[in-house]
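Let me begin by presenting the structure, written as structure tokens, before commenting on it.
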Amino acid sequence: MYYEDLEPGTGRREPRAWLHSSAPVLSLNGEWRFKLSAGPAEAPADVMTPEFADDGWDELTVPGHWVLQGHDRPRYTNTAFPFPIDPPRTPAANPTGDHRHWFELPADWPDARTILRFEGVDSCFKVWLNGVELGTSKGSRLPSEFEVGAHLRPGRNLLVVRVHQWSSGSYLEDQDMWWLPGIFRDVTLRSRPADGIEDVFVHADFDHVTGAGTIKVDCVSTGPARVLVPELGLDLAPGESVTVPAVEPWSAEIPRLYDASVVTPGETVSLRIGFRTVTIVDDQLTVNGRPLFFRGVNRHEHDQYRGRAVSEETMRQDLVLMKQHNVNAVRTAHYPPHPAFLDLCDELGLWVIDECDIETHGFIYTDWVGNPVDDPAWAPMLLDRMRRTVERDKNHPSIVIWSLGNESHRGRVLGDLAAWTRERDPGRALFYERDRSYAFSDFYSLMYTPLDELERIGSRTEEVPEETADHPELEARRRALPFVLCEYAHAMGNGPGGLADYQRVFEKYPRLQGGFVWEWIDHGLLLPGATDHVYGGAFGEKVHGANFCLDGLLFPDRTPSPGLIEYKKVIEPVRISGAGSLTIENLRSFAPLDDLEFVWSEEVDGVEMRSGRLEVPAIEPGASAELPLPVEAAVPVEPAADGAGERWLTVRAVLAKDEPWAAAGHEVAWAQFPLPAHSAQPGELAEPARAADPAQPATAAVRRQPERSGDGLRLGGGEFDARTGQLTRLFGLPTDGPRLDLWRAPTDNDNGQGGRNATVTAWRAAGLDRLEHRVDQVEVTDHELTVRTRVAPDGLGHGVRTTYHWTANDDALSLTVAVVPDGPWNGSAITQPCENWPRLGVRMSLPSSLDTVRWFGGGPGEAYADSRAAARVTRHTRTVDGLQTPYVVPQENGSRIDVRWAELTDADGNGIRVEGAPYFQLTARRWTTEDLEQAKHRSDLTPHDRLYVNLDLAQNGLGSASCGPAATADHTLDVAAYTFGLTWRQFGGR
Ligand code: IPT
């Protein structure tokens, strides 16, 4: 059967470029008739005939996936094939969708050849026009064209397409994503003029030494053709090469395109040409003579409602968001995207790795036995995919690298694909990651590499891979290749942590040419009428990848997650730094900074005092300039009434004028510098001012004394249970008092991957999720209340001795918490060691009416030890609900870092103020950590009528262990003795 054989297709035309032609095109997108059968055997035999009665059939929107339109169900697997591995056979239950579409041929449709084109059908189909079979095709994310010949009639025509969800092709399409069958990209009829243009291959090189551009456009045409580039005054024959002494090159930074056309008497094809030359010089990929540096993302096509049937508007939105967040490169993981996406990349400026639609990952479960990429019988299917990729996309200047595919282990056939590609297009580099000999790749590449390994690769001291150990020549070649980290920083749930560390290592070694975060967007689906996004397992699938598809920098609705905000900061193309003076570094490869304007502001206690513009000289790519500080740092500024006089200088680089992807004023880069609080030397930078230590009350203040009354105890604004020492009221507000908290609702990265790297395993084994609190002593002295406790889990010998030390003066109630680990935290003969804690702080509850939070510290978004570059110090305000980050699967989130003080107030502006000594980390939510941990979807979180507040000294870093390394040692919260302080005050006029 055609869906199980090793033929890539039948009756199809040769692959060719995606062209913008003047010849008539009829879109066949729209409402089609649809019927799903359980398998090919159950599908109606005469469905292709015009007489067939489809009255009872449903309507289906094409392009679209039937599983997202009420037929059958989507399935998500990461690596597993959702059918038995028996290549090239398919299961009997092979959902088969028959599509019927009557369309009217316009009366003026030319009397010439016509072709029918499908941009993408998942995974295999047969097509009939007016009852006549045109052919079959496989290769879901690739185009197929058929001659319709004399079968097309004036007036009404019937197109019938039978689509099988599973085919031999499915074995090559095991990407980590939803299995979404259907005609999910456009369907068109295209008139082919007698003297028209069949194919075009643009070669436009740039000589960075002379500034000259060389252009040659190869054409396959049925009429005499000319190539016109009006702006350059060119009128060339196809295949004629001409060098223009001066052209403006194309780069992702300055995406200069020249309009061009290929003209025959019967047809005009419009092109947009970018001059650029891709070469590998020594160990670096260069374009136009400059090494590239990828600040990249891996992008799947995903829309929360429509799956991979993404609209052009969505494609543009993705690219605009990428540009706005300083992303300069995209790997089209793991298949060629809709062709319009690549036009947009040319236009807006992105470096592209265009990846072929090949991934055989599921053969991991046969130990790679039967892997198609190592079986010559599969060569036609595989080569067909590479050809269709390269031929379709060969005219995009944005594409600088072809990728043979993803995660398909090793195999001879990959060598055939590489050889064909190099021959067909010597003008681009070639990429394949999984073959550790890299024999078919111009890059050395890995995924999810830990930092220390990355350092070794940068410094060329990495170990020899097994695959090249006995092949010195291959090993020498591999060692000389540029390195690209094609996937890293797994953005699943809260995270990734460590982006700034990766960037530091990337920038240190020229061999490292950057990386691509995994991945751009969460693949959550929003089904009709639902409020929660679903992920694997929602449809009763037996084999599924659960929430492993929720690992993007965008939430499924395309709102940026904190991970994207962090990435934007870390990959800024302009670095502003300083000590004594300012240094501005242009980290771009091609563009000067003349599109940017530099502005500064000076804040005291988070309130702006002065601001202005910075005059920045021209700074060439790779160069930097030093400038004097823009403020008269010696001028004393009065502290704000509620502050300590902490001064900060903020310098921001913003767009000077509108760009196609953002308006003037859009912030590209920024930095903050602490200024001396008072009259220091002009131009001097300083450590941030520290708030007073609450444990050391100012001498002038009146120290309050504890007063007993019945079972209670009052100390300043605090009321305590005299027996337990628990705070019960805080300035009159009921509270259940701050008590030690070491637990957080595990993040996906805490959970690790299937037990690997699961920090949470050690945490749970150490009982951190079930700590009991025992009060050992409540001691009241003249001016102090001291509560000594031991916090420990049942059944284990370790715990923490925790002492709460309360004092009060004037209007302030202060607490110092001293924590000392006790017992065998480093494990025993049968328990494992627990080396770090998720968090260290206190938790308390307050009335839910305090639902506005204003704070001075890091923000506005959440931040953690290894994901805090984007937090800037100023005053921020959010509602309690606005503090939450809505991860699709609830988990720890929303922590604000370096908080000096925070005010939690009600609608009348009354409430509580809490101050750190000097800083704390703040979370406030209307549900508990336990609720967060239990919840599987956002709607599982029901607000209580209390506010749960965590005031932490620190939290463990995030890492990206959901697929990769855990937080590195410098971002872990080690099990050790700590002391921290907090002070509360009544706030407002209540
Ligand atoms: C890597 C895959 O290439 C990618 O598609 C995705 O599945 C990612 O993992 C995890 O989300 S492969 C893995 C072996 C690192």
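In the structure tokens, the first chain shown is A, the next is B, and so on; residue numbers restart at 1 for each chain, and ligands run from 1 in the order shown.
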
Determine, using only C-alpha atoms and all ligand atoms, which residues of chain A have any atom at most 9 Å from an atom of ligand 1, and tabulate each with its shortest atom pair and distance in Å to one decimal place, rows ordered by chain and then rising number, as JSON lines.
{"residue": "A:Asn78", "atom": "CA", "partner": "ligand 1", "partner_atom_place_in_ligand_line": "7 (O)", "distance": 5.8}
{"residue": "A:Thr79", "atom": "CA", "partner": "ligand 1", "partner_atom_place_in_ligand_line": "7 (O)", "distance": 7.1}
{"residue": "A:Asp174", "atom": "CA", "partner": "ligand 1", "partner_atom_place_in_ligand_line": "5 (O)", "distance": 8.9}
{"residue": "A:Gln175", "atom": "CA", "partner": "ligand 1", "partner_atom_place_in_ligand_line": "5 (O)", "distance": 5.7}
{"residue": "A:Asp176", "atom": "CA", "partner": "ligand 1", "partner_atom_place_in_ligand_line": "7 (O)", "distance": 4.6}
{"residue": "A:Met177", "atom": "CA", "partner": "ligand 1", "partner_atom_place_in_ligand_line": "5 (O)", "distance": 7.8}
{"residue": "A:Asn298", "atom": "CA", "partner": "ligand 1", "partner_atom_place_in_ligand_line": "4 (C)", "distance": 8.8}
{"residue": "A:Ala333", "atom": "CA", "partner": "ligand 1", "partner_atom_place_in_ligand_line": "5 (O)", "distance": 7.1}
{"residue": "A:His334", "atom": "CA", "partner": "ligand 1", "partner_atom_place_in_ligand_line": "5 (O)", "distance": 7.0}
{"residue": "A:Glu359", "atom": "CA", "partner": "ligand 1", "partner_atom_place_in_ligand_line": "3 (O)", "distance": 8.7}
{"residue": "A:His361", "atom": "CA", "partner": "ligand 1", "partner_atom_place_in_ligand_line": "12 (S)", "distance": 8.2}
{"residue": "A:Asn406", "atom": "CA", "partner": "ligand 1", "partner_atom_place_in_ligand_line": "3 (O)", "distance": 6.0}
{"residue": "A:Glu407", "atom": "CA", "partner": "ligand 1", "partner_atom_place_in_ligand_line": "3 (O)", "distance": 5.7}
{"residue": "A:Leu446", "atom": "CA", "partner": "ligand 1", "partner_atom_place_in_ligand_line": "15 (C)", "distance": 8.9}
{"residue": "A:Met447", "atom": "CA", "partner": "ligand 1", "partner_atom_place_in_ligand_line": "15 (C)", "distance": 6.0}
{"residue": "A:Tyr448", "atom": "CA", "partner": "ligand 1", "partner_atom_place_in_ligand_line": "15 (C)", "distance": 6.5}
{"residue": "A:Cys486", "atom": "CA", "partner": "ligand 1", "partner_atom_place_in_ligand_line": "3 (O)", "distance": 8.7}
{"residue": "A:Glu487", "atom": "CA", "partner": "ligand 1", "partner_atom_place_in_ligand_line": "1 (C)", "distance": 7.1}
{"residue": "A:Tyr488", "atom": "CA", "partner": "ligand 1", "partner_atom_place_in_ligand_line": "15 (C)", "distance": 8.7}
{"residue": "A:His490", "atom": "CA", "partner": "ligand 1", "partner_atom_place_in_ligand_line": "11 (O)", "distance": 6.6}
{"residue": "A:Ala491", "atom": "CA", "partner": "ligand 1", "partner_atom_place_in_ligand_line": "11 (O)", "distance": 8.5}
{"residue": "A:Met492", "atom": "CA", "partner": "ligand 1", "partner_atom_place_in_ligand_line": "11 (O)", "distance": 8.0}
{"residue": "A:Trp518", "atom": "CA", "partner": "ligand 1", "partner_atom_place_in_ligand_line": "11 (O)", "distance": 6.6}
{"residue": "A:Glu519", "atom": "CA", "partner": "ligand 1", "partner_atom_place_in_ligand_line": "11 (O)", "distance": 7.5}
{"residue": "A:Phe548", "atom": "CA", "partner": "ligand 1", "partner_atom_place_in_ligand_line": "11 (O)", "distance": 6.3}
{"residue": "A:Cys549", "atom": "CA", "partner": "ligand 1", "partner_atom_place_in_ligand_line": "11 (O)", "distance": 6.7}
{"residue": "A:Leu550", "atom": "CA", "partner": "ligand 1", "partner_atom_place_in_ligand_line": "11 (O)", "distance": 8.5}
{"residue": "A:Asp551", "atom": "CA", "partner": "ligand 1", "partner_atom_place_in_ligand_line": "11 (O)", "distance": 6.6}
{"residue": "A:Ser962", "atom": "CA", "partner": "ligand 1", "partner_atom_place_in_ligand_line": "11 (O)", "distance": 8.2}
{"residue": "A:Cys963", "atom": "CA", "partner": "ligand 1", "partner_atom_place_in_ligand_line": "10 (C)", "distance": 6.0}
{"residue": "A:Gly964", "atom": "CA", "partner": "ligand 1", "partner_atom_place_in_ligand_line": "15 (C)", "distance": 7.5}

With a distance cut-off of 6 Å and only C-alpha atoms, select the neighbouring residues of region 61-66 of chain A, excluding the residue or stretch itself and same-chain residues fewer than 4 positions from it, and output the selection as a short mmCIF file (atom, residue, chain, number, x, y, z; two decimals) with C-alpha atoms, in the first residue's frame.
data_model
loop_
_atom_site.label_atom_id
_atom_site.label_comp_id
_atom_site.auth_asym_id
_atom_site.auth_seq_id
_atom_site.Cartn_x
_atom_site.Cartn_y
_atom_site.Cartn_z
CA ASN A 29 -8.56 26.88 1.40
CA GLY A 30 -11.94 26.98 3.05
CA GLU A 31 -14.72 24.70 4.25
CA HIS A 71 -12.71 14.26 15.08
CA LEU A 180 -1.66 16.31 14.26
CA PRO A 181 -2.92 14.79 11.04
CA GLY A 182 -4.59 16.65 8.22
CA ILE A 183 -4.21 19.14 5.41
CA PHE A 184 -2.70 21.76 7.66
CA ARG A 185 -1.18 24.14 5.13
CA ASP A 186 -2.58 25.90 2.07
CA ALA A 309 -1.93 25.32 10.93
#

(message) What's around Ser270 (chain A) at 8 Å? Count only C-alpha atoms, leave out sequence neighbours fewer than 4 positions away in its own chain, and write the answer as a list in words.
(response) Leu19, His20, Ser21, Asp259, Ala260, Ser261 and Val262 of chain A

File dump, residues just selected, N, CA and C atoms, as a PDB file, in the first residue's frame:
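The result, written out as again-v5.pdb:
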ATOM      1  N   LEU A  19       7.628  30.281  -5.229  1.00  0.00           N
ATOM      2  CA  LEU A  19       7.798  31.518  -5.996  1.00  0.00           C
ATOM      3  C   LEU A  19       6.553  32.401  -5.912  1.00  0.00           C
ATOM      4  N   HIS A  20       6.804  33.699  -5.919  1.00  0.00           N
ATOM      5  CA  HIS A  20       5.705  34.660  -5.983  1.00  0.00           C
ATOM      6  C   HIS A  20       5.516  35.018  -7.442  1.00  0.00           C
ATOM      7  N   SER A  21       4.476  34.446  -8.025  1.00  0.00           N
ATOM      8  CA  SER A  21       4.325  34.532  -9.472  1.00  0.00           C
ATOM      9  C   SER A  21       3.130  35.407  -9.833  1.00  0.00           C
ATOM     10  N   ASP A 259      14.547  44.403  -4.527  1.00  0.00           N
ATOM     11  CA  ASP A 259      13.465  43.819  -5.321  1.00  0.00           C
ATOM     12  C   ASP A 259      14.007  43.416  -6.680  1.00  0.00           C
ATOM     13  N   ALA A 260      13.617  42.255  -7.114  1.00  0.00           N
ATOM     14  CA  ALA A 260      14.073  41.770  -8.421  1.00  0.00           C
ATOM     15  C   ALA A 260      12.938  40.986  -9.049  1.00  0.00           C
ATOM     16  N   SER A 261      13.088  40.701 -10.305  1.00  0.00           N
ATOM     17  CA  SER A 261      12.082  39.847 -10.930  1.00  0.00           C
ATOM     18  C   SER A 261      12.708  39.037 -12.051  1.00  0.00           C
ATOM     19  N   VAL A 262      12.057  37.927 -12.307  1.00  0.00           N
ATOM     20  CA  VAL A 262      12.403  37.133 -13.484  1.00  0.00           C
ATOM     21  C   VAL A 262      11.184  37.229 -14.388  1.00  0.00           C
TER      22      VAL A 262
END

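Residue neighbourhood of Arg113 (chain A), excluding near-sequence residues (fewer than 2 positions): Asp111, Ile115, Glu147, Val148, Gly149, Ser191, Arg192, Pro193 and Ala194 of chain A, at 8 Å, using only C-alpha atoms.
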
(message) Let's see if you can do this: from backbone DSSP, list all strand (DSSP E or B) residues in region 246-420 of chain A, as a PyMOL selection string.
(response) chain A and resi 250+255+258-264+267-273+278-281+284-287+290-291+294-298+303+307+329-331+351-355+359+399-403

(request) Skip region 933-950 of chain A itself and residues of its chain fewer than 6 positions away, then list as a PyMOL selection string all residues within 6 Å of it, counting only C-alpha atoms. (result) chain A and resi 745+842-848+889-890+922-927

(message) Between A:Gly139, A:Leu958, A:Ala591, A:Trp179, which residue has the minimum interatomic distance to Gly536 (chain A), considering only C-alpha atoms?
(response) A:Trp179

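Counting only C-alpha atoms, the residue from A:Thr728, A:Thr277, A:Ser37, A:Asn130 that sits nearest to Leu158 (chain A) is A:Asn130.
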
(request) Extract, using only C-alpha atoms, all DNA, RNA and protein residues at most 8 Å from region 898-905 of chain A, discarding same-chain residues fewer than 2 positions from it, and format them as a VMD selection string. (result) chain A and resid 691 849 to 858 896 907 to 922 987

(request) Could you tell me which of A:Leu344, A:Ala863, A:Ala80, A:Val200 comes closest to Thr314 (chain A) if we count only C-alpha atoms? (result) A:Leu344

(message) If we count only C-alpha atoms and set the cut-off at 12 Å, which residues sit around Val373 (chain A), ignoring sequence neighbours fewer than 2 positions away in its own chain? Please answer as a ChimeraX atom specification.
(response) /A:171-172,358-361,363,368-371,375-383,404-417,434-435

Could you produce a table of the residues of region 158-262 of chain A lying within 10 Å of region 84-102 of chain A, with the nearest pair of atoms per residue and their separation in Å rounded to one decimal, using only C-alpha atoms, ordered by chain and increasing residue number, as JSON lines?
{"residue": "A:Leu158", "atom": "CA", "partner": "A:Trp102", "partner_atom": "CA", "distance": 4.5}
{"residue": "A:Leu159", "atom": "CA", "partner": "A:His101", "partner_atom": "CA", "distance": 5.1}
{"residue": "A:Val160", "atom": "CA", "partner": "A:Arg100", "partner_atom": "CA", "distance": 4.5}
{"residue": "A:Val161", "atom": "CA", "partner": "A:His99", "partner_atom": "CA", "distance": 5.0}
{"residue": "A:Arg162", "atom": "CA", "partner": "A:Asp98", "partner_atom": "CA", "distance": 4.5}
{"residue": "A:Val163", "atom": "CA", "partner": "A:Gly97", "partner_atom": "CA", "distance": 5.1}
{"residue": "A:His164", "atom": "CA", "partner": "A:Thr96", "partner_atom": "CA", "distance": 4.5}
{"residue": "A:Gln165", "atom": "CA", "partner": "A:Pro95", "partner_atom": "CA", "distance": 5.5}
{"residue": "A:Trp166", "atom": "CA", "partner": "A:Asn94", "partner_atom": "CA", "distance": 5.7}
{"residue": "A:Ser167", "atom": "CA", "partner": "A:Thr90", "partner_atom": "CA", "distance": 5.9}
{"residue": "A:Ser168", "atom": "CA", "partner": "A:Pro88", "partner_atom": "CA", "distance": 4.6}
{"residue": "A:Gly169", "atom": "CA", "partner": "A:Pro88", "partner_atom": "CA", "distance": 8.0}
{"residue": "A:Ser170", "atom": "CA", "partner": "A:Thr90", "partner_atom": "CA", "distance": 8.7}
{"residue": "A:Tyr171", "atom": "CA", "partner": "A:Pro87", "partner_atom": "CA", "distance": 7.0}
{"residue": "A:Pro181", "atom": "CA", "partner": "A:Gly97", "partner_atom": "CA", "distance": 8.7}
{"residue": "A:Gly182", "atom": "CA", "partner": "A:Gly97", "partner_atom": "CA", "distance": 7.5}
{"residue": "A:Ile183", "atom": "CA", "partner": "A:His99", "partner_atom": "CA", "distance": 9.0}

(request) Identify which of the residues A:Met48, A:Leu36, A:Ala701, A:Ala664 lies closest to Gln69 (chain A), counting only C-alpha atoms when measuring atom-to-atom distances. (result) A:Leu36

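Among the candidates A:Gly612, A:Arg13, A:Gln705, A:Trp178, the residue lying nearest to Arg117 (chain A) is A:Arg13 (atoms considered: only C-alpha atoms).
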
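Nearest residue to Leu499 (chain A) among A:Val121, A:Leu564, A:Ile897, A:Leu526 is A:Leu564, counting only C-alpha atoms.
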